[in-house]
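Student: I'm passing along entry-v2.txt; it holds compact mmCIF, C-alpha atoms and all ligand atoms.
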```txt
# COMPACT_ATOMS: atom_id res chain seq x y z
CA MET A 1 93.26 99.24 136.21
CA ASN A 2 97.06 99.39 135.89
CA ILE A 3 98.18 98.94 132.30
CA GLY A 4 101.75 98.15 131.29
CA ILE A 5 103.02 98.84 127.78
CA VAL A 6 106.36 97.58 126.49
CA GLY A 7 107.37 99.35 123.26
CA LEU A 8 106.31 103.00 123.17
CA GLY A 9 105.89 103.50 119.42
CA LEU A 10 102.93 104.05 117.09
CA ILE A 11 100.75 101.24 118.49
CA GLY A 12 101.98 101.19 122.10
CA GLY A 13 101.87 104.98 122.34
CA SER A 14 98.37 105.16 120.84
CA ILE A 15 97.09 102.52 123.29
CA GLY A 16 98.66 104.48 126.15
CA LEU A 17 97.10 107.80 125.10
CA ASP A 18 93.61 106.28 124.91
CA LEU A 19 93.72 104.15 128.05
CA ARG A 20 95.02 107.08 130.11
CA SER A 21 92.24 109.31 128.80
CA ARG A 22 89.75 106.56 129.74
CA GLY A 23 90.89 106.46 133.39
CA CYS A 24 93.61 103.79 133.49
CA ASP A 25 97.05 104.23 135.02
CA VAL A 26 99.59 103.49 132.30
CA PHE A 27 103.21 102.48 132.81
CA GLY A 28 105.54 102.22 129.83
CA VAL A 29 108.85 100.57 129.07
CA SER A 30 110.84 101.31 125.94
CA SER A 31 114.40 100.58 124.87
CA ARG A 32 115.59 104.22 124.68
CA GLN A 33 115.44 106.72 127.54
CA GLN A 34 114.61 109.56 125.12
CA THR A 35 111.49 107.64 124.02
CA CYS A 36 110.46 107.22 127.66
CA ASP A 37 110.94 110.97 128.26
CA ARG A 38 108.96 111.84 125.13
CA ALA A 39 106.14 109.45 126.12
CA GLN A 40 105.85 111.14 129.49
CA ALA A 41 105.96 114.60 127.94
CA ARG A 42 103.18 113.62 125.49
CA GLY A 43 101.00 112.23 128.30
CA VAL A 44 101.10 108.69 126.92
CA VAL A 45 102.12 107.24 130.31
CA ASN A 46 102.04 108.08 134.01
CA ASP A 47 105.59 106.80 134.31
CA ALA A 48 108.12 105.28 131.93
CA SER A 49 111.43 103.46 132.23
CA ILE A 50 113.93 101.43 130.24
CA HIS A 51 113.68 98.71 132.94
CA LEU A 52 111.09 95.93 132.76
CA SER A 53 110.79 95.96 136.57
CA LEU A 54 108.30 98.86 136.09
CA MET A 55 105.81 96.25 134.82
CA ALA A 56 105.54 94.64 138.30
CA ALA A 57 102.51 96.81 139.18
CA ALA A 58 100.58 96.13 135.96
CA ASP A 59 97.38 94.07 135.83
CA VAL A 60 97.65 93.72 132.05
CA VAL A 61 100.84 94.14 130.00
CA PHE A 62 100.68 94.96 126.27
CA ILE A 63 103.81 93.98 124.32
CA CYS A 64 103.97 96.51 121.46
CA THR A 65 107.50 96.00 120.12
CA PRO A 66 108.52 94.70 116.67
CA LEU A 67 107.62 91.02 116.09
CA GLY A 68 111.18 89.75 116.52
CA SER A 69 111.53 91.03 120.07
CA ILE A 70 108.18 89.91 121.54
CA GLU A 71 109.33 86.46 122.70
CA PRO A 72 112.69 87.60 124.18
CA ILE A 73 110.93 90.43 126.02
CA VAL A 74 108.36 88.09 127.58
CA ARG A 75 111.22 85.81 128.65
CA ASP A 76 112.87 88.76 130.47
CA LEU A 77 109.53 90.05 131.76
CA VAL A 78 108.35 86.85 133.49
CA PRO A 79 110.47 87.25 136.68
CA HIS A 80 108.83 90.66 137.30
CA LEU A 81 105.21 89.49 137.03
CA SER A 82 102.74 88.21 139.62
CA PRO A 83 100.91 84.99 138.59
CA ASN A 84 97.64 86.82 137.84
CA THR A 85 99.16 89.33 135.43
CA ILE A 86 97.72 89.06 131.94
CA VAL A 87 100.13 89.51 129.04
CA THR A 88 98.91 90.33 125.55
CA ASP A 89 100.67 91.49 122.38
CA VAL A 90 99.72 93.50 119.29
CA GLY A 91 101.92 91.70 116.74
CA SER A 92 100.72 91.58 113.13
CA VAL A 93 101.37 87.81 112.87
CA LYS A 94 99.97 85.41 115.45
CA THR A 95 100.88 81.70 115.04
CA PRO A 96 104.63 81.80 115.88
CA ILE A 97 104.12 84.43 118.60
CA VAL A 98 101.25 82.62 120.32
CA GLN A 99 103.11 79.30 120.20
CA ALA A 100 106.30 80.73 121.68
CA VAL A 101 104.83 83.07 124.29
CA SER A 102 102.05 80.79 125.64
CA SER A 103 104.68 78.32 126.79
CA LEU A 104 106.48 81.12 128.68
CA TRP A 105 103.36 82.67 130.25
CA PRO A 106 100.07 80.69 130.35
CA ASN A 107 98.07 83.88 131.05
CA PHE A 108 98.88 85.14 127.54
CA VAL A 109 96.28 86.31 125.02
CA GLY A 110 97.43 86.95 121.44
CA GLY A 111 95.96 90.12 119.94
CA HIS A 112 96.14 92.28 116.83
CA PRO A 113 94.50 95.71 116.51
CA MET A 114 93.80 96.24 112.81
CA ALA A 115 94.80 99.88 112.66
CA GLY A 116 97.93 101.80 111.79
CA THR A 117 99.48 104.65 109.83
CA ALA A 118 102.57 104.89 107.62
CA GLU A 119 104.48 106.48 110.54
CA SER A 120 106.38 104.86 113.40
CA GLY A 121 107.82 105.79 116.80
CA ILE A 122 106.43 107.64 119.80
CA ASP A 123 105.71 110.84 117.86
CA ALA A 124 103.43 108.85 115.52
CA ALA A 125 101.11 107.90 118.42
CA VAL A 126 97.63 109.38 118.00
CA PRO A 127 94.40 109.31 120.03
CA ASP A 128 91.43 107.19 118.89
CA LEU A 129 93.49 105.13 116.40
CA PHE A 130 91.42 102.02 117.18
CA VAL A 131 87.92 103.51 117.24
CA GLY A 132 85.63 101.54 114.91
CA ARG A 133 88.51 99.28 113.81
CA PRO A 134 88.63 95.47 114.22
CA TYR A 135 90.71 94.08 117.11
CA VAL A 136 91.44 90.35 116.74
CA LEU A 137 92.06 88.08 119.73
CA THR A 138 93.57 84.65 119.06
CA PRO A 139 93.09 82.54 122.22
CA GLN A 140 93.99 78.87 122.29
CA PRO A 141 91.74 76.22 123.91
CA GLN A 142 93.89 76.34 127.07
CA THR A 143 93.97 80.17 127.35
CA PRO A 144 92.22 81.21 130.60
CA ALA A 145 88.76 82.57 129.68
CA ALA A 146 89.01 85.37 132.26
CA ALA A 147 92.20 86.64 130.60
CA VAL A 148 90.56 86.69 127.16
CA ASP A 149 87.52 88.51 128.55
CA ARG A 150 89.72 91.11 130.25
CA VAL A 151 91.69 91.89 127.07
CA GLU A 152 88.42 92.04 125.11
CA GLU A 153 87.07 94.54 127.66
CA ILE A 154 90.15 96.77 127.13
CA ALA A 155 89.90 96.51 123.33
CA ARG A 156 86.26 97.67 123.62
CA LEU A 157 87.41 100.53 125.85
CA LEU A 158 89.64 101.57 122.93
CA GLY A 159 86.47 101.70 120.78
CA ALA A 160 87.40 98.67 118.68
CA SER A 161 85.17 95.84 117.40
CA VAL A 162 86.48 92.56 118.79
CA TYR A 163 86.83 89.33 116.79
CA ARG A 164 88.08 85.99 118.05
CA CYS A 165 89.71 83.35 115.84
CA SER A 166 92.56 80.85 115.88
CA PRO A 167 96.11 82.13 115.27
CA LEU A 168 96.26 80.11 112.03
CA ASP A 169 93.01 81.52 110.67
CA HIS A 170 94.19 85.02 111.61
CA ASP A 171 97.46 84.63 109.71
CA ARG A 172 95.75 83.22 106.61
CA ALA A 173 93.12 86.01 106.58
CA VAL A 174 95.51 88.91 107.20
CA ALA A 175 97.81 87.60 104.45
CA TRP A 176 94.98 88.55 102.06
CA ILE A 177 93.95 91.91 103.46
CA SER A 178 97.19 93.23 104.94
CA HIS A 179 100.39 91.39 104.00
CA LEU A 180 99.65 90.79 100.29
CA PRO A 181 98.47 94.43 99.87
CA LEU A 182 101.72 95.59 101.50
CA VAL A 183 103.85 93.70 98.95
CA ALA A 184 101.54 94.60 96.03
CA SER A 185 101.73 98.26 97.03
CA ALA A 186 105.52 98.20 97.52
CA THR A 187 106.08 96.54 94.13
CA LEU A 188 103.79 99.11 92.51
CA VAL A 189 106.09 101.88 93.76
CA ALA A 190 109.19 99.84 92.84
CA ALA A 191 107.92 99.34 89.26
CA GLY A 192 107.40 103.07 88.73
CA VAL A 193 110.97 103.74 89.81
CA ARG A 194 112.15 101.53 86.92
CA GLU A 195 110.79 103.94 84.27
CA GLY A 196 113.98 104.81 82.42
CA ASP A 197 113.06 108.34 81.26
CA ARG A 198 113.91 110.87 84.03
CA ASP A 199 111.53 113.47 82.58
CA ILE A 200 108.62 111.00 82.67
CA VAL A 201 109.44 110.04 86.27
CA ASN A 202 109.49 113.73 87.18
CA LEU A 203 106.17 114.36 85.43
CA ALA A 204 104.56 111.30 87.08
CA GLN A 205 105.71 112.49 90.50
CA HIS A 206 103.99 115.84 89.90
CA LEU A 207 100.80 114.30 88.51
CA ALA A 208 100.39 111.69 91.29
CA SER A 209 97.08 112.19 93.06
CA SER A 210 94.48 110.29 95.10
CA GLY A 211 94.71 107.00 93.14
CA PHE A 212 98.45 106.71 93.64
CA ARG A 213 98.19 107.93 97.22
CA ASP A 214 95.66 105.17 98.07
CA THR A 215 97.45 102.34 96.27
CA SER A 216 100.99 103.22 97.43
CA ARG A 217 100.26 104.01 101.08
CA VAL A 218 100.86 100.62 102.70
CA GLY A 219 103.93 99.93 100.55
CA GLY A 220 105.49 103.21 101.63
CA GLY A 221 105.31 102.44 105.36
CA ASN A 222 107.79 101.22 107.98
CA PRO A 223 110.27 98.85 106.18
CA GLU A 224 111.08 96.98 109.41
CA LEU A 225 107.40 96.06 109.83
CA GLY A 226 107.21 94.79 106.22
CA VAL A 227 110.24 92.56 106.64
CA MET A 228 108.98 91.17 109.95
CA VAL A 229 105.55 90.39 108.47
CA ALA A 230 107.15 88.57 105.49
CA LYS A 231 109.48 86.63 107.79
CA TYR A 232 106.84 85.60 110.33
CA ASN A 233 103.95 84.94 107.93
CA ARG A 234 106.12 83.69 105.07
CA GLU A 235 104.08 80.64 104.06
CA GLU A 236 100.71 82.38 103.94
CA LEU A 237 102.20 85.41 102.23
CA LEU A 238 103.86 83.26 99.56
CA ARG A 239 100.59 81.39 99.00
CA SER A 240 98.63 84.64 98.52
CA LEU A 241 101.40 86.12 96.30
CA SER A 242 101.34 83.08 94.05
CA ILE A 243 97.59 83.41 93.52
CA TYR A 244 98.04 87.16 93.04
CA ARG A 245 100.65 86.51 90.33
CA ASP A 246 98.18 84.20 88.54
CA CYS A 247 95.54 86.97 88.63
CA LEU A 248 98.05 89.52 87.34
CA ASP A 249 99.04 87.18 84.48
CA GLU A 250 95.36 86.78 83.52
CA PHE A 251 94.91 90.57 83.41
CA ILE A 252 98.10 90.92 81.32
CA SER A 253 96.85 88.27 78.88
CA ASP A 254 93.51 90.03 78.40
CA ILE A 255 95.18 93.39 77.76
CA ALA A 256 97.84 91.93 75.45
CA ALA A 257 95.13 90.09 73.45
CA GLU A 258 92.90 93.22 73.45
CA ASN A 259 90.21 91.05 74.99
CA TRP A 260 88.29 94.04 76.40
CA GLN A 261 85.16 91.98 77.12
CA ALA A 262 87.08 89.58 79.38
CA LEU A 263 88.80 92.52 81.09
CA GLU A 264 85.47 94.26 81.73
CA HIS A 265 84.01 91.04 83.12
CA LYS A 266 86.94 90.73 85.55
CA LEU A 267 86.64 94.37 86.62
CA LYS A 268 82.89 93.95 87.22
CA LEU A 269 83.64 90.96 89.46
CA THR A 270 86.29 92.88 91.43
CA GLN A 271 83.94 95.88 91.77
CA GLN A 272 81.31 93.56 93.31
CA ALA A 273 83.81 91.59 95.43
CA ARG A 274 85.27 94.75 96.99
CA GLN A 275 81.85 95.63 98.40
CA ASN A 276 81.98 92.53 100.63
CA TYR A 277 84.91 93.91 102.64
CA LYS A 278 83.81 95.83 105.76
CA LEU A 279 85.89 98.94 105.02
P1 LIG B 301 107.04 101.30 116.17
O1 LIG B 301 106.28 102.56 115.95
O2 LIG B 301 108.40 101.16 115.60
O3 LIG B 301 107.10 101.08 117.75
C1 LIG B 301 107.80 100.05 118.37
C2 LIG B 301 108.58 100.66 119.54
O4 LIG B 301 109.10 99.59 120.32
C3 LIG B 301 109.77 101.49 119.07
O5 LIG B 301 109.40 102.85 119.04
C4 LIG B 301 110.87 101.17 120.10
O6 LIG B 301 111.05 102.31 120.93
C5 LIG B 301 110.27 100.07 120.96
N1 LIG B 301 111.16 98.92 121.10
C6 LIG B 301 111.82 98.25 120.14
N2 LIG B 301 112.48 97.21 120.66
C7 LIG B 301 112.24 97.23 121.99
C8 LIG B 301 112.67 96.44 123.08
N3 LIG B 301 113.47 95.39 122.91
N4 LIG B 301 112.23 96.76 124.33
C9 LIG B 301 111.42 97.82 124.52
N5 LIG B 301 110.99 98.62 123.53
C10 LIG B 301 111.41 98.33 122.28
O7 LIG B 301 106.22 100.03 115.66
P2 LIG B 301 104.64 99.83 115.61
O8 LIG B 301 104.15 100.16 114.25
O9 LIG B 301 104.01 100.47 116.80
O10 LIG B 301 104.56 98.24 115.73
C11 LIG B 301 104.67 97.60 116.98
C12 LIG B 301 103.96 96.27 116.90
O11 LIG B 301 102.62 96.50 116.49
C13 LIG B 301 104.57 95.28 115.91
O12 LIG B 301 104.63 94.01 116.49
C14 LIG B 301 103.59 95.29 114.75
O13 LIG B 301 103.53 94.02 114.11
C15 LIG B 301 102.29 95.64 115.42
N6 LIG B 301 101.29 96.35 114.61
C16 LIG B 301 101.67 97.37 113.79
C17 LIG B 301 100.71 98.04 113.03
C18 LIG B 301 101.08 99.18 112.10
O14 LIG B 301 100.33 99.47 111.17
N7 LIG B 301 102.20 99.85 112.32
C19 LIG B 301 99.36 97.68 113.14
C20 LIG B 301 99.00 96.68 114.02
C21 LIG B 301 99.98 96.01 114.75
P3 LIG B 301 112.47 102.97 121.25
O15 LIG B 301 112.38 104.30 120.61
O16 LIG B 301 112.53 103.03 122.74
O17 LIG B 301 113.56 102.10 120.65
```
Since I need it in another form, could you write the structure as structure tokens?
Ligand code: NAP
Tutor:
Amino acid sequence: MNIGIVGLGLIGGSIGLDLRSRGCDVFGVSSRQQTCDRAQARGVVNDASIHLSLMAAADVVFICTPLGSIEPIVRDLVPHLSPNTIVTDVGSVKTPIVQAVSSLWPNFVGGHPMAGTAESGIDAAVPDLFVGRPYVLTPQPQTPAAAVDRVEEIARLLGASVYRCSPLDHDRAVAWISHLPLVASATLVAAGVREGDRDIVNLAQHLASSGFRDTSRVGGGNPELGVMVAKYNREELLRSLSIYRDCLDEFISDIAAENWQALEHKLKLTQQARQNYKL
């Protein structure tokens, strides 16, 4: 199978590494020549170019660029594709992407591998990033079934567990488990920076350990990705943030009122609720 990847960064590069090692021929396009050279040197691709014409030989093309460039890229890509080519993307938000791209290319399957690191760019690409992780496909009723099955087959080849849902349900669900945590984590780091005593800040930075590492990780990642997610999933993110603020206010009230019983009850509920997430 010939795989095309547009956007040789963390996700695109990691897909390339794995699919090559599993017997596919992988062709990559990225905006900078130095990224193409690095991708070839790292064995991510058989061949790479800054020109979309390289995608002409691909059976399936993965668009792995930032959210804002997915639609314009597909627009430029279409003249190079044969009618049977399947196009899929890995964008972290689905509704606006699926709506825009499906009208440009009917053989399009929206996708989102639920895996990542705090790094970005071709040097951040790692093997086996998707093994054991969820990979969501968001077909529409009119999406060709054969195209969905083919992308699912590739996601399984990457070692992922495949889920199918509507783009809307995807965006509402990931607001809770990905986009809200990103903002909560970023604001946690931002709040600590506001401590006015330099010596305390310095001490805190030295004492920070696993708890801070876990809770600050997603807020300390790629800023461009955070902005794109907020822009493209704005409504669902705002909805989850508003409910989050209510929860935070309730915790603040309990602590301010020294209502330790109420606080313990809440923490028991969150301890139980966390166990329901398939982490
Ligand atoms: P990334 O590491 O920054 O990689 C994106 C790459 O795309 C860049 O390295 C850039 O390469 C290339 N690029 C940018 N604009 C381009 C264009 N117009 N044409 C061709 N190549 C272009 O970002 P990422 O984290 O892999 O994210 C990529 C996509 O995956 C996003 O849509 C994101 O929502 C999604 N996603 C991310 C994560 C995560 O945790 N990071 C998880 C799941 C899904 P050059 O060096 O050539 O400019």
Student: List the spatial neighbours of segment 42-54 of chain A as a list in words - criterion: any atom at most 8 Å away, all atoms listed in the file, same-chain residues fewer than 2 positions off excluded.
Tutor: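 After dropping sequence-adjacent residues, the list is Gly13, Ser14, Gly16, Leu17, Arg20, Asp25, Val26, Phe27, Gly28, Val29, Ser30, Ser31, Arg32, Gln33, Cys36, Asp37, Arg38, Ala39, Gln40, Ala56, Ala57, Asp76, Leu77 and His80 of chain A.
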Student: Based on the selection just made, write C-alpha atoms of those residues as a short mmCIF file (atom, residue, chain, number, x, y, z; two decimals), in the frame of the given file.
Tutor:
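Output file part32.cif follows:
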```
data_model
loop_
_atom_site.label_atom_id
_atom_site.label_comp_id
_atom_site.auth_asym_id
_atom_site.auth_seq_id
_atom_site.Cartn_x
_atom_site.Cartn_y
_atom_site.Cartn_z
CA GLY A 13 101.87 104.98 122.34
CA SER A 14 98.37 105.16 120.84
CA GLY A 16 98.66 104.48 126.15
CA LEU A 17 97.10 107.80 125.10
CA ARG A 20 95.02 107.08 130.11
CA ASP A 25 97.05 104.23 135.02
CA VAL A 26 99.59 103.49 132.30
CA PHE A 27 103.21 102.48 132.81
CA GLY A 28 105.54 102.22 129.83
CA VAL A 29 108.85 100.57 129.07
CA SER A 30 110.84 101.31 125.94
CA SER A 31 114.40 100.58 124.87
CA ARG A 32 115.59 104.22 124.68
CA GLN A 33 115.44 106.72 127.54
CA CYS A 36 110.46 107.22 127.66
CA ASP A 37 110.94 110.97 128.26
CA ARG A 38 108.96 111.84 125.13
CA ALA A 39 106.14 109.45 126.12
CA GLN A 40 105.85 111.14 129.49
CA ALA A 56 105.54 94.64 138.30
CA ALA A 57 102.51 96.81 139.18
CA ASP A 76 112.87 88.76 130.47
CA LEU A 77 109.53 90.05 131.76
CA HIS A 80 108.83 90.66 137.30
#
```
Student: Please, what distance in Å, to one decimal, runs between atom CA of Leu104 of chain A and atom CA of Pro223 of chain A?
Tutor: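 Those two atoms sit 28.9 Å apart.
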Student: Please return as a PyMOL selection string the residues found within 8 Å of ligand LIG 301 (chain B), counting only C-alpha atoms and all ligand atoms.
Tutor: chain A and resi 6-13+29-36+50+63-70+72-73+89-93+112-122+124-125+222+224-225+228-229
Student: Closest to Lys278 of chain A among A:Ile177, A:Val74, A:Ile154, A:Ile97, using all atoms listed in the file?
Tutor: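 Nearest to Lys278 of chain A: A:Ile177.
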Student: What's the separation between atom CA of Phe108 of chain A and atom CA of Val162 of chain A, in Å to one decimal place?
Tutor: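 So the two atoms, atom CA of Phe108 of chain A and atom CA of Val162 of chain A, lie 16.9 Å apart.
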Student: Let me make sure I understand: among A:Pro96, A:Gly4, A:Pro106, A:Gly132, which one has the smallest atom-to-atom distance to Asn233 of chain A if we use only C-alpha atoms?
Tutor: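 Nearest to Asn233 of chain A: A:Pro96.
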Student: Can you list, as a PyMOL selection string, every protein, DNA or RNA residue that comes within 12 Å of segment 246-254 of chain A when you count all atoms listed in the file, leaving out same-chain residues fewer than 4 positions away?
Tutor: chain A and resi 184+239-242+258-267+270
Student: Quick check, in Å to one decimal: how far apart do atom CA of Leu81 of chain A and atom CA of Lys231 of chain A lie?
Tutor: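 So the two atoms, atom CA of Leu81 of chain A and atom CA of Lys231 of chain A, lie 29.7 Å apart.
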Student: Here is a test: counting all atoms listed in the file, which residue of A:Arg194, A:Lys94, A:Arg133, A:Arg245 is nearest to Ala173 of chain A?
Tutor: A:Lys94
Student: Pick the closest to Glu235 of chain A from A:Leu180, A:Val78, A:Leu137, A:Cys165: which is it, counting only C-alpha atoms?
Tutor: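 Using only C-alpha atoms, the shortest distance to Glu235 of chain A belongs to A:Leu180.
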Student: As lines of an AutoDock Vina configuration file, please report the centre and edge lengths, rounded to one decimal in Å, of the axis-aligned box that holds all listed atoms of segment 180-198 of chain A with 8 Å of padding on each of the six sides.
Tutor:
```
center_x = 106.2
center_y = 100.8
center_z = 91.4
size_x = 31.5
size_y = 36.1
size_z = 36.2
```
Student: Compare A:Leu203, A:Gly159, A:Val193, A:Ala230 by their minimum atom-to-atom distance to Asp18 of chain A, counting all atoms listed in the file, and give me the closest one.
Tutor: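 Closest candidate: A:Gly159.
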Student: So which residues touch Arg213 of chain A within 12 Å, counting all atoms listed in the file, skipping near sequence neighbours fewer than 5 positions away, as a ChimeraX atom specification?
Tutor: /A:118,185,188-189,205,207-208,218-220
Student: Residues at most 9 Å from Arg164 of chain A, counting all atoms listed in the file, excluding those fewer than 5 positions away in the same chain, as a tab-separated table (two decimals) with C-alpha atoms, keeping the file's coordinate frame?
Tutor:
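So the final result, stored in around_6.tsv, reads:
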```tsv
chain	number	residue	atom	x	y	z
A	135	TYR	CA	90.71	94.08	117.11
A	136	VAL	CA	91.44	90.35	116.74
A	137	LEU	CA	92.06	88.08	119.73
A	138	THR	CA	93.57	84.65	119.06
A	139	PRO	CA	93.09	82.54	122.22
A	170	HIS	CA	94.19	85.02	111.61
```
Student: Please list as number ranges by chain every residue within 8 Å of Glu236 of chain A, counting all atoms listed in the file and excluding residues in the same chain fewer than 5 positions away.
Tutor: A: 171-172, 175
Student: Would you output that residue set with C-alpha atoms, as a short mmCIF file (atom, residue, chain, number, x, y, z; two decimals), keeping the file's coordinate frame?
Tutor:
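This went into result_25.cif:
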```
data_model
loop_
_atom_site.label_atom_id
_atom_site.label_comp_id
_atom_site.auth_asym_id
_atom_site.auth_seq_id
_atom_site.Cartn_x
_atom_site.Cartn_y
_atom_site.Cartn_z
CA ASP A 171 97.46 84.63 109.71
CA ARG A 172 95.75 83.22 106.61
CA ALA A 175 97.81 87.60 104.45
#
```
Student: In terms of the shortest atom-to-atom distance over only C-alpha atoms, which of A:Leu157, A:Leu237, A:Ala256, A:Ala146 is closest to Trp176 of chain A?
Tutor: A:Leu237
